[in-house]
Amino acid sequence: MSAIRFEHVFKSFHEQVVLRDFSMEVQPAETKVILGGSGSGKTTILKMVLGLVKPDSGRVFVEDQDITDLDEAELMPIRRKIGMVFQEGALFDSLTVGENVAYQMREDRTYREEQIEKVVRKLLGFVGLEDVIDKFTSELSGGMRRRVGIARALVGNPRILLYDSPTAGLDPITGHTICELVIRLRDLEGVSSIFVTHNLESAMTLASEFAEVQPDGHLAFKSEGGNLCLINTRFVMLKDGIVLFEGSDEALKEVDDEYIQEFLT
């Protein structure tokens, strides 16, 4: 069973063609890193997985269920399987960190308050931010806001995560911290994901590092002998809605294509 699958998708907005015969498959516990310039169709792909944008032709599947023609009511159970991490976090500035993470659970009205408190603290602990639970998001750094966004996206234990440029505008150290969270979810939690980015350094981190629990119970991130990452992370390069390349980071570096080589330098 694939986590996400696109089959021969075409999409235009007015006169602009955004995706042209786009096909892609994301396997369980795999990360697909989508690279490409502005207007190449990257964000449209994420919106299609959520059913927010419909293809003009072609099919979109989530966990082998065809979602292409589903209406809003039919899409709701699908969306509960998916977490979305936005570029700027998309947090409510008028709410505290804890209230932001709890927002969806309170909207669902199926959780008791003590359950909400427990889940919020667990998720903030996962991203290393339990100590800021009572702060307002306006008091946080950009990197902390992104980590809160990841915690919020993990509500409901989704098996699929969509990342829309989560390291954009961050310093290298903070960006690396975000990537380690993505790697941890991929390798230890078996989460499938699409990672849209302009940041080549972040993309290569995902492809070159893996997470491993040591015999003493501590978590370690390693880059040596990274065969696991070469299997679990694949790159897709888009240009004008067309897939120029799909494969490993090593293969990407060897492609004899002017656009790709210019992107990589």
# chains A, B, ... in the order shown; residues from 1 in each chain; ligands from 1
>>> residues_around(residues="Leu170 (chain A)", least_positions_apart="6", cutoff="12 Å", atoms="only C-alpha atoms", output="MDAnalysis selection string")
chainID A and resid 87:88 141:147 176:179 199 201:202
>>> residues_around(residues="region 52-54 of chain A", least_positions_apart="3", cutoff="12 Å", atoms="only C-alpha atoms", output="PyMOL selection string")
chain A and resi 6+9-13+18-19+41+43-49+57-61+66-72+75-76+78-79
>>> residues_around(residues="Asn100 (chain A)", least_positions_apart="2", cutoff="10 Å", atoms="only C-alpha atoms", output="PyMOL selection string")
chain A and resi 90-98+102-105+120+133+136-137+148-149+151-152
>>> residues_around(residues="Leu200 (chain A)", least_positions_apart="6", cutoff="9 Å", atoms="only C-alpha atoms", output="list in words")
Leu35, Phe263 and Leu264 of chain A
>>> write_last_selection(atoms="all heavy atoms", output="PDB file, in the first residue's frame")
ATOM      1  N   LEU A  35      11.804  19.559  -4.940  1.00  0.00           N
ATOM      2  CA  LEU A  35      12.585  20.757  -5.222  1.00  0.00           C
ATOM      3  C   LEU A  35      12.074  21.406  -6.500  1.00  0.00           C
ATOM      4  O   LEU A  35      11.515  20.742  -7.376  1.00  0.00           O
ATOM      5  CB  LEU A  35      14.061  20.396  -5.397  1.00  0.00           C
ATOM      6  CG  LEU A  35      14.768  19.689  -4.235  1.00  0.00           C
ATOM      7  CD1 LEU A  35      16.114  19.154  -4.709  1.00  0.00           C
ATOM      8  CD2 LEU A  35      14.940  20.620  -3.045  1.00  0.00           C
ATOM      9  N   PHE A 263      20.494  24.737 -10.087  1.00  0.00           N
ATOM     10  CA  PHE A 263      19.770  24.702  -8.813  1.00  0.00           C
ATOM     11  C   PHE A 263      20.688  24.211  -7.693  1.00  0.00           C
ATOM     12  O   PHE A 263      20.611  24.680  -6.558  1.00  0.00           O
ATOM     13  CB  PHE A 263      18.547  23.797  -8.929  1.00  0.00           C
ATOM     14  CG  PHE A 263      17.579  23.910  -7.794  1.00  0.00           C
ATOM     15  CD1 PHE A 263      16.474  24.765  -7.890  1.00  0.00           C
ATOM     16  CD2 PHE A 263      17.744  23.193  -6.634  1.00  0.00           C
ATOM     17  CE1 PHE A 263      15.576  24.883  -6.838  1.00  0.00           C
ATOM     18  CE2 PHE A 263      16.856  23.291  -5.578  1.00  0.00           C
ATOM     19  CZ  PHE A 263      15.770  24.145  -5.687  1.00  0.00           C
ATOM     20  N   LEU A 264      21.550  23.272  -8.005  1.00  0.00           N
ATOM     21  CA  LEU A 264      22.406  22.647  -6.987  1.00  0.00           C
ATOM     22  C   LEU A 264      23.610  23.511  -6.621  1.00  0.00           C
ATOM     23  O   LEU A 264      24.268  23.239  -5.604  1.00  0.00           O
ATOM     24  CB  LEU A 264      22.891  21.285  -7.482  1.00  0.00           C
ATOM     25  CG  LEU A 264      21.821  20.204  -7.679  1.00  0.00           C
ATOM     26  CD1 LEU A 264      22.438  18.939  -8.237  1.00  0.00           C
ATOM     27  CD2 LEU A 264      21.081  19.921  -6.383  1.00  0.00           C
TER      28      LEU A 264
END
>>> residues_around(residues="Asp131 (chain A)", least_positions_apart="5", cutoff="10 Å", atoms="only C-alpha atoms", output="ChimeraX atom specification")
/A:97,121,124-125
>>> write_last_selection(atoms="all heavy atoms", output="compact mmCIF listing (two decimals), in the first residue's frame")
# COMPACT_ATOMS: atom_id res chain seq x y z
N VAL A 97 1.11 28.78 23.38
CA VAL A 97 1.63 27.61 22.68
C VAL A 97 0.75 26.39 22.94
O VAL A 97 0.36 25.67 22.03
CB VAL A 97 3.08 27.34 23.12
CG1 VAL A 97 3.55 25.96 22.66
CG2 VAL A 97 4.01 28.43 22.58
N ARG A 121 1.25 18.23 26.31
CA ARG A 121 2.57 18.15 26.96
C ARG A 121 3.45 17.09 26.30
O ARG A 121 4.67 17.29 26.14
CB ARG A 121 2.41 17.86 28.45
CG ARG A 121 1.84 19.05 29.21
CD ARG A 121 1.95 18.90 30.72
NE ARG A 121 1.47 20.09 31.40
CZ ARG A 121 2.19 21.19 31.59
NH1 ARG A 121 3.46 21.22 31.18
NH2 ARG A 121 1.70 22.23 32.22
N LEU A 124 4.60 18.63 22.84
CA LEU A 124 5.59 19.69 23.05
C LEU A 124 6.90 19.11 23.58
O LEU A 124 7.99 19.60 23.24
CB LEU A 124 5.05 20.75 24.00
CG LEU A 124 3.97 21.66 23.40
CD1 LEU A 124 3.42 22.59 24.47
CD2 LEU A 124 4.53 22.48 22.24
N GLY A 125 6.81 18.06 24.38
CA GLY A 125 8.03 17.39 24.84
C GLY A 125 8.77 16.76 23.68
O GLY A 125 10.00 16.78 23.62
>>> residues_around(residues="Arg106 (chain A)", least_positions_apart="4", cutoff="12 Å", atoms="only C-alpha atoms", output="PyMOL selection string")
chain A and resi 98-102+110-117+119-120+155
>>> write_last_selection(atoms="N, CA and C atoms", output="PDB file, in the first residue's frame")
ATOM      1  N   GLY A  98       0.436  26.166  24.215  1.00  0.00           N
ATOM      2  CA  GLY A  98      -0.408  25.025  24.565  1.00  0.00           C
ATOM      3  C   GLY A  98      -1.780  25.100  23.929  1.00  0.00           C
ATOM      4  N   GLU A  99      -2.361  26.281  23.896  1.00  0.00           N
ATOM      5  CA  GLU A  99      -3.686  26.453  23.298  1.00  0.00           C
ATOM      6  C   GLU A  99      -3.649  26.232  21.791  1.00  0.00           C
ATOM      7  N   ASN A 100      -2.540  26.618  21.138  1.00  0.00           N
ATOM      8  CA  ASN A 100      -2.397  26.361  19.706  1.00  0.00           C
ATOM      9  C   ASN A 100      -2.371  24.861  19.412  1.00  0.00           C
ATOM     10  N   VAL A 101      -1.590  24.122  20.177  1.00  0.00           N
ATOM     11  CA  VAL A 101      -1.495  22.679  19.953  1.00  0.00           C
ATOM     12  C   VAL A 101      -2.817  21.993  20.276  1.00  0.00           C
ATOM     13  N   ALA A 102      -3.529  22.518  21.261  1.00  0.00           N
ATOM     14  CA  ALA A 102      -4.796  21.916  21.698  1.00  0.00           C
ATOM     15  C   ALA A 102      -5.975  22.313  20.824  1.00  0.00           C
ATOM     16  N   THR A 110     -14.219  15.935  21.303  1.00  0.00           N
ATOM     17  CA  THR A 110     -14.277  14.514  21.647  1.00  0.00           C
ATOM     18  C   THR A 110     -13.252  14.149  22.711  1.00  0.00           C
ATOM     19  N   TYR A 111     -12.480  15.117  23.153  1.00  0.00           N
ATOM     20  CA  TYR A 111     -11.447  14.887  24.157  1.00  0.00           C
ATOM     21  C   TYR A 111     -11.848  15.517  25.489  1.00  0.00           C
ATOM     22  N   ARG A 112     -11.556  14.832  26.563  1.00  0.00           N
ATOM     23  CA  ARG A 112     -11.693  15.443  27.887  1.00  0.00           C
ATOM     24  C   ARG A 112     -10.518  16.376  28.117  1.00  0.00           C
ATOM     25  N   GLU A 113     -10.706  17.366  28.973  1.00  0.00           N
ATOM     26  CA  GLU A 113      -9.666  18.370  29.184  1.00  0.00           C
ATOM     27  C   GLU A 113      -8.372  17.755  29.710  1.00  0.00           C
ATOM     28  N   GLU A 114      -8.494  16.745  30.564  1.00  0.00           N
ATOM     29  CA  GLU A 114      -7.271  16.115  31.080  1.00  0.00           C
ATOM     30  C   GLU A 114      -6.533  15.350  29.981  1.00  0.00           C
ATOM     31  N   GLN A 115      -7.282  14.817  29.009  1.00  0.00           N
ATOM     32  CA  GLN A 115      -6.648  14.164  27.860  1.00  0.00           C
ATOM     33  C   GLN A 115      -5.900  15.184  27.013  1.00  0.00           C
ATOM     34  N   ILE A 116      -6.538  16.316  26.791  1.00  0.00           N
ATOM     35  CA  ILE A 116      -5.917  17.378  25.989  1.00  0.00           C
ATOM     36  C   ILE A 116      -4.604  17.820  26.622  1.00  0.00           C
ATOM     37  N   GLU A 117      -4.626  18.050  27.919  1.00  0.00           N
ATOM     38  CA  GLU A 117      -3.420  18.485  28.630  1.00  0.00           C
ATOM     39  C   GLU A 117      -2.293  17.468  28.475  1.00  0.00           C
ATOM     40  N   VAL A 119      -1.884  15.157  26.065  1.00  0.00           N
ATOM     41  CA  VAL A 119      -1.407  15.088  24.676  1.00  0.00           C
ATOM     42  C   VAL A 119      -0.551  16.301  24.341  1.00  0.00           C
ATOM     43  N   VAL A 120      -0.987  17.487  24.753  1.00  0.00           N
ATOM     44  CA  VAL A 120      -0.243  18.710  24.463  1.00  0.00           C
ATOM     45  C   VAL A 120       1.156  18.642  25.062  1.00  0.00           C
ATOM     46  N   VAL A 155      -1.013  16.127  16.238  1.00  0.00           N
ATOM     47  CA  VAL A 155      -2.246  15.798  16.961  1.00  0.00           C
ATOM     48  C   VAL A 155      -3.014  14.735  16.172  1.00  0.00           C
TER      49      VAL A 155
END
>>> select_by_dssp(residues="region 66-229 of chain A", states="strand (DSSP E)", output="MDAnalysis selection string")
chainID A and resid 66 82:85 160:164 192:196 210:213 219:222
>>> closest_residue(among="A:Thr174, A:Ser192, A:Thr31, A:Thr265", to="Leu206 (chain A)", atoms="only C-alpha atoms")
A:Thr31
>>> atom_distance(atom1="CA of Lys253 (chain A)", atom2="CA of Glu180 (chain A)")
22.6 Å
>>> decode(residues="region 100-111 of chain A", atoms="all heavy atoms", output="short mmCIF file (atom, residue, chain, number, x, y, z; two decimals), in the first residue's frame")
data_model
loop_
_atom_site.label_atom_id
_atom_site.label_comp_id
_atom_site.auth_asym_id
_atom_site.auth_seq_id
_atom_site.Cartn_x
_atom_site.Cartn_y
_atom_site.Cartn_z
N ASN A 100 -2.54 26.62 21.14
CA ASN A 100 -2.40 26.36 19.71
C ASN A 100 -2.37 24.86 19.41
O ASN A 100 -3.04 24.39 18.50
CB ASN A 100 -1.12 27.01 19.18
CG ASN A 100 -1.35 28.39 18.60
OD1 ASN A 100 -1.80 28.54 17.48
ND2 ASN A 100 -1.05 29.41 19.41
N VAL A 101 -1.59 24.12 20.18
CA VAL A 101 -1.50 22.68 19.95
C VAL A 101 -2.82 21.99 20.28
O VAL A 101 -3.22 21.03 19.61
CB VAL A 101 -0.35 22.08 20.79
CG1 VAL A 101 -0.28 20.56 20.61
CG2 VAL A 101 0.99 22.71 20.40
N ALA A 102 -3.53 22.52 21.26
CA ALA A 102 -4.80 21.92 21.70
C ALA A 102 -5.98 22.31 20.82
O ALA A 102 -7.06 21.73 20.95
CB ALA A 102 -5.08 22.32 23.14
N TYR A 103 -5.79 23.28 19.95
CA TYR A 103 -6.92 23.89 19.23
C TYR A 103 -7.78 22.86 18.52
O TYR A 103 -9.01 22.85 18.66
CB TYR A 103 -6.39 24.93 18.24
CG TYR A 103 -7.49 25.70 17.54
CD1 TYR A 103 -8.09 26.79 18.15
CD2 TYR A 103 -7.94 25.31 16.28
CE1 TYR A 103 -9.10 27.50 17.52
CE2 TYR A 103 -8.95 26.00 15.65
CZ TYR A 103 -9.53 27.10 16.27
OH TYR A 103 -10.55 27.78 15.63
N GLN A 104 -7.16 21.99 17.74
CA GLN A 104 -7.93 21.00 16.97
C GLN A 104 -8.70 20.07 17.89
O GLN A 104 -9.86 19.72 17.62
CB GLN A 104 -6.99 20.20 16.07
CG GLN A 104 -7.70 19.12 15.24
CD GLN A 104 -6.72 18.30 14.41
OE1 GLN A 104 -5.74 18.80 13.91
NE2 GLN A 104 -7.00 17.01 14.29
N MET A 105 -8.07 19.64 18.98
CA MET A 105 -8.73 18.73 19.90
C MET A 105 -9.95 19.38 20.55
O MET A 105 -10.99 18.74 20.73
CB MET A 105 -7.75 18.25 20.97
CG MET A 105 -6.70 17.29 20.44
SD MET A 105 -5.56 16.69 21.72
CE MET A 105 -4.48 18.12 21.88
N ARG A 106 -9.84 20.65 20.88
CA ARG A 106 -10.98 21.34 21.48
C ARG A 106 -12.08 21.57 20.45
O ARG A 106 -13.26 21.52 20.78
CB ARG A 106 -10.53 22.67 22.09
CG ARG A 106 -9.63 22.48 23.32
CD ARG A 106 -9.56 23.71 24.20
NE ARG A 106 -8.89 23.41 25.45
CZ ARG A 106 -7.66 23.81 25.78
NH1 ARG A 106 -6.98 24.56 24.94
NH2 ARG A 106 -7.13 23.47 26.94
N GLU A 107 -11.69 21.81 19.19
CA GLU A 107 -12.68 21.97 18.14
C GLU A 107 -13.45 20.67 17.90
O GLU A 107 -14.65 20.69 17.62
CB GLU A 107 -12.01 22.42 16.84
CG GLU A 107 -11.60 23.88 16.82
CD GLU A 107 -12.79 24.81 16.76
OE1 GLU A 107 -13.53 24.77 15.75
OE2 GLU A 107 -13.00 25.57 17.73
N ASP A 108 -12.76 19.54 18.01
CA ASP A 108 -13.41 18.24 17.79
C ASP A 108 -14.41 17.90 18.89
O ASP A 108 -15.38 17.18 18.66
CB ASP A 108 -12.36 17.12 17.72
CG ASP A 108 -11.57 17.15 16.44
OD1 ASP A 108 -11.99 17.84 15.49
OD2 ASP A 108 -10.53 16.48 16.37
N ARG A 109 -14.16 18.41 20.09
CA ARG A 109 -15.04 18.20 21.25
C ARG A 109 -15.23 16.72 21.57
O ARG A 109 -16.28 16.31 22.06
CB ARG A 109 -16.41 18.86 21.00
CG ARG A 109 -16.32 20.36 20.81
CD ARG A 109 -17.69 21.00 20.63
NE ARG A 109 -17.58 22.44 20.43
CZ ARG A 109 -18.60 23.26 20.25
NH1 ARG A 109 -19.84 22.77 20.25
NH2 ARG A 109 -18.41 24.55 20.08
N THR A 110 -14.22 15.94 21.30
CA THR A 110 -14.28 14.51 21.65
C THR A 110 -13.25 14.15 22.71
O THR A 110 -13.19 12.99 23.13
CB THR A 110 -14.03 13.65 20.40
OG1 THR A 110 -12.75 13.98 19.82
CG2 THR A 110 -15.12 13.84 19.36
N TYR A 111 -12.48 15.12 23.15
CA TYR A 111 -11.45 14.89 24.16
C TYR A 111 -11.85 15.52 25.49
O TYR A 111 -12.40 16.62 25.52
CB TYR A 111 -10.11 15.50 23.72
CG TYR A 111 -9.47 14.86 22.51
CD1 TYR A 111 -9.82 15.27 21.22
CD2 TYR A 111 -8.48 13.89 22.63
CE1 TYR A 111 -9.22 14.72 20.10
CE2 TYR A 111 -7.88 13.33 21.52
CZ TYR A 111 -8.26 13.75 20.25
OH TYR A 111 -7.66 13.20 19.15
#
